[in-house]
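Have a look at my_file33.pdb; it's PDB, C-alpha atoms, pLDDT in the B column:
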ATOM      1  CA  MET V   1     -71.234 -45.912 -98.761  1.00 55.00           C
ATOM      2  CA  GLN V   2     -69.662 -49.332 -98.541  1.00 76.00           C
ATOM      3  CA  VAL V   3     -71.507 -52.597 -99.069  1.00 81.00           C
ATOM      4  CA  ILE V   4     -70.130 -53.874 -95.759  1.00 83.00           C
ATOM      5  CA  ASP V   5     -71.951 -51.044 -93.947  1.00 80.00           C
ATOM      6  CA  ILE V   6     -75.261 -52.080 -95.538  1.00 80.00           C
ATOM      7  CA  ILE V   7     -74.636 -55.705 -94.547  1.00 85.00           C
ATOM      8  CA  TYR V   8     -73.797 -54.483 -91.012  1.00 84.00           C
ATOM      9  CA  VAL V   9     -77.128 -52.673 -90.764  1.00 82.00           C
ATOM     10  CA  ALA V  10     -79.059 -55.633 -92.175  1.00 85.00           C
ATOM     11  CA  VAL V  11     -77.435 -58.185 -89.861  1.00 88.00           C
ATOM     12  CA  PHE V  12     -77.948 -56.151 -86.710  1.00 87.00           C
ATOM     13  CA  SER V  13     -81.454 -55.027 -87.648  1.00 86.00           C
ATOM     14  CA  ILE V  14     -82.448 -58.687 -87.987  1.00 87.00           C
ATOM     15  CA  ALA V  15     -80.686 -59.542 -84.717  1.00 89.00           C
ATOM     16  CA  MET V  16     -82.378 -56.696 -82.831  1.00 86.00           C
ATOM     17  CA  ILE V  17     -85.827 -57.506 -84.258  1.00 87.00           C
ATOM     18  CA  THR V  18     -85.361 -61.125 -83.203  1.00 90.00           C
ATOM     19  CA  ILE V  19     -84.127 -60.208 -79.717  1.00 88.00           C
ATOM     20  CA  GLY V  20     -86.938 -57.674 -79.198  1.00 85.00           C
ATOM     21  CA  TYR V  21     -89.612 -60.131 -80.365  1.00 87.00           C
ATOM     22  CA  ILE V  22     -88.351 -63.013 -78.206  1.00 89.00           C
ATOM     23  CA  ASP V  23     -88.038 -60.736 -75.168  1.00 85.00           C
ATOM     24  CA  TYR V  24     -91.564 -59.446 -75.708  1.00 82.00           C
ATOM     25  CA  LYS V  25     -93.087 -62.908 -76.157  1.00 86.00           C
ATOM     26  CA  LYS V  26     -91.046 -65.021 -73.719  1.00 88.00           C
ATOM     27  CA  ASN V  27     -89.450 -62.426 -71.428  1.00 84.00           C
ATOM     28  CA  ILE V  28     -85.921 -63.686 -72.162  1.00 87.00           C
ATOM     29  CA  ILE V  29     -83.004 -62.384 -74.169  1.00 88.00           C
ATOM     30  CA  PRO V  30     -81.423 -65.497 -75.687  1.00 91.00           C
ATOM     31  CA  ASN V  31     -77.683 -66.010 -75.284  1.00 93.00           C
ATOM     32  CA  VAL V  32     -77.653 -68.003 -78.506  1.00 94.00           C
ATOM     33  CA  ILE V  33     -78.302 -64.730 -80.374  1.00 93.00           C
ATOM     34  CA  VAL V  34     -76.650 -62.150 -78.122  1.00 93.00           C
ATOM     35  CA  PHE V  35     -73.199 -63.716 -77.708  1.00 95.00           C
ATOM     36  CA  PRO V  36     -72.621 -64.410 -81.421  1.00 95.00           C
ATOM     37  CA  ALA V  37     -73.937 -60.895 -82.207  1.00 93.00           C
ATOM     38  CA  MET V  38     -71.345 -59.446 -79.821  1.00 94.00           C
ATOM     39  CA  ALA V  39     -68.559 -61.342 -81.572  1.00 95.00           C
ATOM     40  CA  VAL V  40     -69.846 -60.330 -85.016  1.00 94.00           C
ATOM     41  CA  ALA V  41     -70.076 -56.665 -83.936  1.00 93.00           C
ATOM     42  CA  ILE V  42     -66.430 -56.697 -82.873  1.00 94.00           C
ATOM     43  CA  ILE V  43     -65.350 -58.463 -86.079  1.00 93.00           C
ATOM     44  CA  PHE V  44     -67.404 -56.108 -88.280  1.00 90.00           C
ATOM     45  CA  SER V  45     -65.871 -53.092 -86.537  1.00 90.00           C
ATOM     46  CA  PHE V  46     -62.559 -53.797 -88.268  1.00 91.00           C
ATOM     47  CA  TYR V  47     -64.234 -53.373 -91.678  1.00 87.00           C
ATOM     48  CA  THR V  48     -67.043 -50.829 -91.234  1.00 84.00           C
ATOM     49  CA  SER V  49     -67.371 -47.130 -90.431  1.00 79.00           C
ATOM     50  CA  VAL V  50     -67.792 -48.067 -86.748  1.00 82.00           C
ATOM     51  CA  THR V  51     -64.115 -48.507 -85.891  1.00 87.00           C
ATOM     52  CA  TRP V  52     -62.983 -51.182 -83.447  1.00 91.00           C
ATOM     53  CA  GLN V  53     -61.987 -48.476 -80.934  1.00 93.00           C
ATOM     54  CA  ASN V  54     -65.455 -46.903 -81.098  1.00 91.00           C
ATOM     55  CA  CYS V  55     -67.047 -50.356 -80.907  1.00 92.00           C
ATOM     56  CA  LEU V  56     -65.204 -51.287 -77.721  1.00 94.00           C
ATOM     57  CA  LEU V  57     -65.730 -47.849 -76.193  1.00 94.00           C
ATOM     58  CA  GLY V  58     -69.459 -48.151 -76.951  1.00 92.00           C
ATOM     59  CA  GLY V  59     -69.478 -51.550 -75.225  1.00 92.00           C
ATOM     60  CA  ALA V  60     -67.749 -49.976 -72.223  1.00 94.00           C
ATOM     61  CA  ILE V  61     -70.438 -47.289 -72.141  1.00 92.00           C
ATOM     62  CA  GLY V  62     -73.068 -50.040 -72.148  1.00 90.00           C
ATOM     63  CA  LEU V  63     -71.305 -51.719 -69.241  1.00 90.00           C
ATOM     64  CA  GLY V  64     -71.135 -48.355 -67.462  1.00 91.00           C
ATOM     65  CA  TYR V  65     -74.889 -47.877 -67.783  1.00 88.00           C
ATOM     66  CA  GLY V  66     -75.346 -51.438 -66.513  1.00 87.00           C
ATOM     67  CA  VAL V  67     -73.170 -50.781 -63.449  1.00 89.00           C
ATOM     68  CA  ILE V  68     -75.094 -47.596 -62.667  1.00 88.00           C
ATOM     69  CA  PHE V  69     -78.446 -49.402 -62.761  1.00 84.00           C
ATOM     70  CA  TRP V  70     -77.043 -52.346 -60.790  1.00 86.00           C
ATOM     71  CA  LEU V  71     -75.848 -49.910 -58.088  1.00 89.00           C
ATOM     72  CA  ILE V  72     -79.232 -48.170 -58.011  1.00 85.00           C
ATOM     73  CA  GLY V  73     -80.940 -51.557 -57.680  1.00 82.00           C
ATOM     74  CA  SER V  74     -78.555 -52.554 -54.881  1.00 86.00           C
ATOM     75  CA  VAL V  75     -79.303 -49.367 -52.942  1.00 87.00           C
ATOM     76  CA  LEU V  76     -83.077 -49.781 -53.450  1.00 81.00           C
ATOM     77  CA  HIS V  77     -82.936 -53.555 -52.859  1.00 79.00           C
ATOM     78  CA  LYS V  78     -84.782 -54.134 -56.129  1.00 78.00           C
ATOM     79  CA  GLU V  79     -83.849 -55.873 -59.335  1.00 77.00           C
ATOM     80  CA  ILE V  80     -84.004 -53.143 -61.972  1.00 76.00           C
ATOM     81  CA  LEU V  81     -82.431 -55.090 -64.809  1.00 77.00           C
ATOM     82  CA  THR V  82     -81.990 -58.799 -65.378  1.00 80.00           C
ATOM     83  CA  GLY V  83     -78.937 -60.568 -66.799  1.00 83.00           C
ATOM     84  CA  GLY V  84     -80.272 -60.451 -70.347  1.00 85.00           C
ATOM     85  CA  ASP V  85     -80.798 -56.701 -70.118  1.00 84.00           C
ATOM     86  CA  TYR V  86     -77.142 -56.167 -69.199  1.00 88.00           C
ATOM     87  CA  LYS V  87     -76.028 -58.236 -72.182  1.00 90.00           C
ATOM     88  CA  LEU V  88     -78.406 -56.336 -74.465  1.00 88.00           C
ATOM     89  CA  ILE V  89     -77.078 -52.959 -73.288  1.00 87.00           C
ATOM     90  CA  PHE V  90     -73.513 -54.137 -73.918  1.00 92.00           C
ATOM     91  CA  LEU V  91     -74.508 -55.375 -77.396  1.00 91.00           C
ATOM     92  CA  VAL V  92     -76.187 -52.063 -78.268  1.00 88.00           C
ATOM     93  CA  GLY V  93     -73.010 -50.274 -77.194  1.00 90.00           C
ATOM     94  CA  LEU V  94     -70.885 -52.535 -79.397  1.00 91.00           C
ATOM     95  CA  ILE V  95     -73.185 -52.105 -82.401  1.00 89.00           C
ATOM     96  CA  THR V  96     -73.472 -48.334 -82.234  1.00 86.00           C
ATOM     97  CA  GLY V  97     -70.042 -47.431 -80.866  1.00 87.00           C
ATOM     98  CA  TRP V  98     -68.862 -44.184 -79.337  1.00 86.00           C
ATOM     99  CA  PRO V  99     -70.393 -41.537 -79.088  1.00 84.00           C
ATOM    100  CA  ILE V 100     -73.767 -42.785 -80.331  1.00 82.00           C
ATOM    101  CA  ALA V 101     -73.997 -45.437 -77.571  1.00 83.00           C
ATOM    102  CA  LEU V 102     -73.979 -42.758 -74.886  1.00 83.00           C
ATOM    103  CA  LEU V 103     -77.039 -41.029 -76.321  1.00 82.00           C
ATOM    104  CA  LEU V 104     -78.854 -44.079 -77.691  1.00 81.00           C
ATOM    105  CA  ILE V 105     -78.738 -46.134 -74.493  1.00 81.00           C
ATOM    106  CA  GLY V 106     -79.812 -43.105 -72.445  1.00 80.00           C
ATOM    107  CA  ILE V 107     -82.776 -42.476 -74.749  1.00 81.00           C
ATOM    108  CA  SER V 108     -83.673 -46.177 -74.624  1.00 80.00           C
ATOM    109  CA  PHE V 109     -83.770 -46.097 -70.811  1.00 78.00           C
ATOM    110  CA  PHE V 110     -85.903 -42.952 -70.880  1.00 80.00           C
ATOM    111  CA  ILE V 111     -88.424 -44.463 -73.295  1.00 80.00           C
ATOM    112  CA  THR V 112     -88.482 -47.759 -71.380  1.00 77.00           C
ATOM    113  CA  GLY V 113     -89.118 -45.827 -68.146  1.00 77.00           C
ATOM    114  CA  PHE V 114     -91.953 -43.916 -69.806  1.00 80.00           C
ATOM    115  CA  TYR V 115     -93.428 -47.217 -71.031  1.00 76.00           C
ATOM    116  CA  ILE V 116     -93.194 -48.703 -67.517  1.00 75.00           C
ATOM    117  CA  GLN V 117     -94.995 -45.674 -66.083  1.00 76.00           C
ATOM    118  CA  MET V 118     -97.771 -45.900 -68.678  1.00 78.00           C
ATOM    119  CA  LYS V 119     -98.188 -49.641 -68.091  1.00 75.00           C
ATOM    120  CA  TYR V 120     -98.300 -49.088 -64.305  1.00 74.00           C
ATOM    121  CA  MET V 121    -100.900 -46.333 -64.631  1.00 75.00           C
ATOM    122  CA  HIS V 122    -103.037 -48.444 -66.983  1.00 72.00           C
ATOM    123  CA  LYS V 123    -102.905 -51.491 -64.716  1.00 74.00           C
ATOM    124  CA  ASN V 124    -103.660 -49.548 -61.518  1.00 69.00           C
ATOM    125  CA  LEU V 125    -106.029 -46.831 -62.720  1.00 73.00           C
ATOM    126  CA  GLY V 126    -108.712 -46.222 -60.113  1.00 73.00           C
ATOM    127  CA  LYS V 127    -107.338 -48.740 -57.588  1.00 72.00           C
ATOM    128  CA  LYS V 128    -106.726 -47.893 -53.967  1.00 74.00           C
ATOM    129  CA  PRO V 129    -103.029 -47.631 -53.007  1.00 70.00           C
ATOM    130  CA  GLU V 130    -103.096 -50.917 -51.076  1.00 70.00           C
ATOM    131  CA  LYS V 131    -104.511 -52.748 -54.138  1.00 71.00           C
ATOM    132  CA  ARG V 132    -101.980 -51.421 -56.663  1.00 69.00           C
ATOM    133  CA  LYS V 133     -99.633 -53.908 -58.296  1.00 69.00           C
ATOM    134  CA  ASN V 134     -96.108 -53.580 -59.649  1.00 68.00           C
ATOM    135  CA  VAL V 135     -95.475 -54.168 -63.319  1.00 61.00           C
ATOM    136  CA  SER V 136     -92.624 -55.840 -65.119  1.00 63.00           C
ATOM    137  CA  VAL V 137     -91.551 -54.709 -68.541  1.00 64.00           C
ATOM    138  CA  GLU V 138     -89.266 -56.223 -71.107  1.00 67.00           C
ATOM    139  CA  ALA V 139     -86.446 -53.842 -72.041  1.00 67.00           C
ATOM    140  CA  GLY V 140     -85.678 -55.650 -75.288  1.00 71.00           C
ATOM    141  CA  PRO V 141     -88.364 -54.174 -77.569  1.00 73.00           C
ATOM    142  CA  PRO V 142     -87.628 -50.474 -76.847  1.00 75.00           C
ATOM    143  CA  PHE V 143     -83.874 -51.026 -77.119  1.00 72.00           C
ATOM    144  CA  ALA V 144     -84.332 -53.010 -80.327  1.00 75.00           C
ATOM    145  CA  MET V 145     -86.573 -50.441 -82.020  1.00 74.00           C
ATOM    146  CA  ILE V 146     -84.358 -47.484 -81.107  1.00 75.00           C
ATOM    147  CA  THR V 147     -81.225 -49.308 -82.266  1.00 77.00           C
ATOM    148  CA  ILE V 148     -82.862 -50.285 -85.551  1.00 76.00           C
ATOM    149  CA  GLY V 149     -83.963 -46.679 -86.047  1.00 76.00           C
ATOM    150  CA  TRP V 150     -80.400 -45.527 -85.558  1.00 73.00           C
ATOM    151  CA  LEU V 151     -79.037 -48.176 -87.934  1.00 75.00           C
ATOM    152  CA  ILE V 152     -81.477 -47.173 -90.673  1.00 72.00           C
ATOM    153  CA  SER V 153     -80.807 -43.455 -90.217  1.00 73.00           C
ATOM    154  CA  TRP V 154     -77.085 -44.213 -90.320  1.00 66.00           C
ATOM    155  CA  ILE V 155     -77.546 -45.780 -93.758  1.00 67.00           C
ATOM    156  CA  LEU V 156     -79.835 -43.020 -95.056  1.00 67.00           C
ATOM    157  CA  ILE V 157     -78.106 -39.925 -93.663  1.00 66.00           C
ATOM    158  CA  TYR V 158     -74.581 -40.478 -92.386  1.00 61.00           C
ATOM    159  CA  LEU V 159     -73.065 -42.857 -94.898  1.00 56.00           C
ATOM    160  CA  PRO V 160     -74.074 -40.937 -98.070  1.00 59.00           C
ATOM    161  CA  ALA V 161     -72.636 -37.758 -96.538  1.00 57.00           C
ATOM    162  CA  THR V 162     -69.273 -39.423 -95.954  1.00 58.00           C
ATOM    163  CA  ALA V 163     -69.017 -41.047 -99.389  1.00 54.00           C
TER     164      ALA V 163
END

Translate this file's structure into structure tokens.
Amino acid sequence: MQVIDIIYVAVFSIAMITIGYIDYKKNIIPNVIVFPAMAVAIIFSFYTSVTWQNCLLGGAIGLGYGVIFWLIGSVLHKEILTGGDYKLIFLVGLITGWPIALLLIGISFFITGFYIQMKYMHKNLGKKPEKRKNVSVEAGPPFAMITIGWLISWILIYLPATA
């Protein structure tokens, strides 16, 4: 296990905690954190176990997920994700790289969808259909927690096995 990999995990765990917290509290994903984190992820990929090819491919997977949800929203005439969510998905793809990004982003969407359903049911329990309200949910916290979980497991399981 290299020291640079531990620094990588620490830096992006702090970034994801910060992004998730700000999104939860203020319902925004700040560019001042996301854009530098994207640049740092690409730079780190030249020195860590996440190679630059895997980093960029993971970012492309994040963009692919974003395009799919944008198309679904266009067909349904609803905004499924906001601009910050697209940037966050791209960042998660860059951080985790290929092939982890494919699975991790998919799981994050599944858990976020489950959370939306639970919040909707809680808010509308016992209400007549015409009185039910839509809910909005921040995607940042679920994405942040799942990414941090992967980063920590990467340190604890994967890296010692490759050393």

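Distance-wise, atom CA of Gly126 of chain V and atom CA of Thr112 of chain V end up 23.2 Å apart.
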
If you apply the PyMOL selection byres ((chain V and resi 24-28) around 8) to this file, what residues do you get, as a PDB file with C-alpha atoms, in the frame of the given file?
ATOM      1  CA  GLY V  20     -86.938 -57.674 -79.198  1.00 85.00           C
ATOM      2  CA  TYR V  21     -89.612 -60.131 -80.365  1.00 87.00           C
ATOM      3  CA  ILE V  22     -88.351 -63.013 -78.206  1.00 89.00           C
ATOM      4  CA  ASP V  23     -88.038 -60.736 -75.168  1.00 85.00           C
ATOM      5  CA  ILE V  29     -83.004 -62.384 -74.169  1.00 88.00           C
ATOM      6  CA  PRO V  30     -81.423 -65.497 -75.687  1.00 91.00           C
ATOM      7  CA  GLY V  84     -80.272 -60.451 -70.347  1.00 85.00           C
ATOM      8  CA  GLU V 138     -89.266 -56.223 -71.107  1.00 67.00           C
ATOM      9  CA  GLY V 140     -85.678 -55.650 -75.288  1.00 71.00           C
ATOM     10  CA  PRO V 141     -88.364 -54.174 -77.569  1.00 73.00           C
TER      11      PRO V 141
END

Atomic distance atom CA of Val40 of chain V - atom CA of Ala144 of chain V, expressed in Å with one decimal: 16.9 Å

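Shortest separation to Ile61 of chain V among V:Phe35, V:Trp98, V:Phe12, V:Tyr47 occurs at residue V:Trp98, atoms counted being all atoms listed in the file.
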
Enclosing box along x, y and z for every listed atom of segment 89-96 of chain V, padded 6 Å each side, centre and size in Å, one decimal, as lines of an AutoDock Vina configuration file:
center_x = -74.0
center_y = -51.9
center_z = -77.8
size_x = 18.2
size_y = 19.0
size_z = 21.1

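Note that atom CA of Met38 of chain V and atom CA of Leu91 of chain V are 5.7 Å apart.
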
Long-range neighbours of Phe90 of chain V as a short mmCIF file (atom, residue, chain, number, x, y, z; two decimals) with C-alpha atoms, in the frame of the given file, 6 Å cut-off, all atoms listed in the file, 5 positions minimum in chain:
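The resulting file, around_30.cif, is shown below:
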data_model
loop_
_atom_site.label_atom_id
_atom_site.label_comp_id
_atom_site.auth_asym_id
_atom_site.auth_seq_id
_atom_site.Cartn_x
_atom_site.Cartn_y
_atom_site.Cartn_z
CA GLY V 59 -69.48 -51.55 -75.22
CA GLY V 62 -73.07 -50.04 -72.15
CA LEU V 63 -71.31 -51.72 -69.24
#

Best match for closeness to Ile43 of chain V among V:Tyr115, V:Phe69, V:Trp150, V:Tyr8, counting only C-alpha atoms: V:Tyr8

Exercise: Ile80 of chain V partners within 10 Å, only C-alpha atoms, chain neighbours under 2 positions left out, as a ChimeraX atom specification: /V:66,69-74,76-78,82,85,136

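Taking all atoms listed in the file into account, Pro36 of chain V lies nearest to V:Lys87 out of the set V:Lys87, V:Ile17, V:Ile68, V:Val50.
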
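Minimum atom-to-atom distances from V:Asn54, V:Thr96, V:Ser49, V:Asn31 to Gln2 of chain V were compared using all atoms listed in the file, and the lowest value belongs to V:Ser49.
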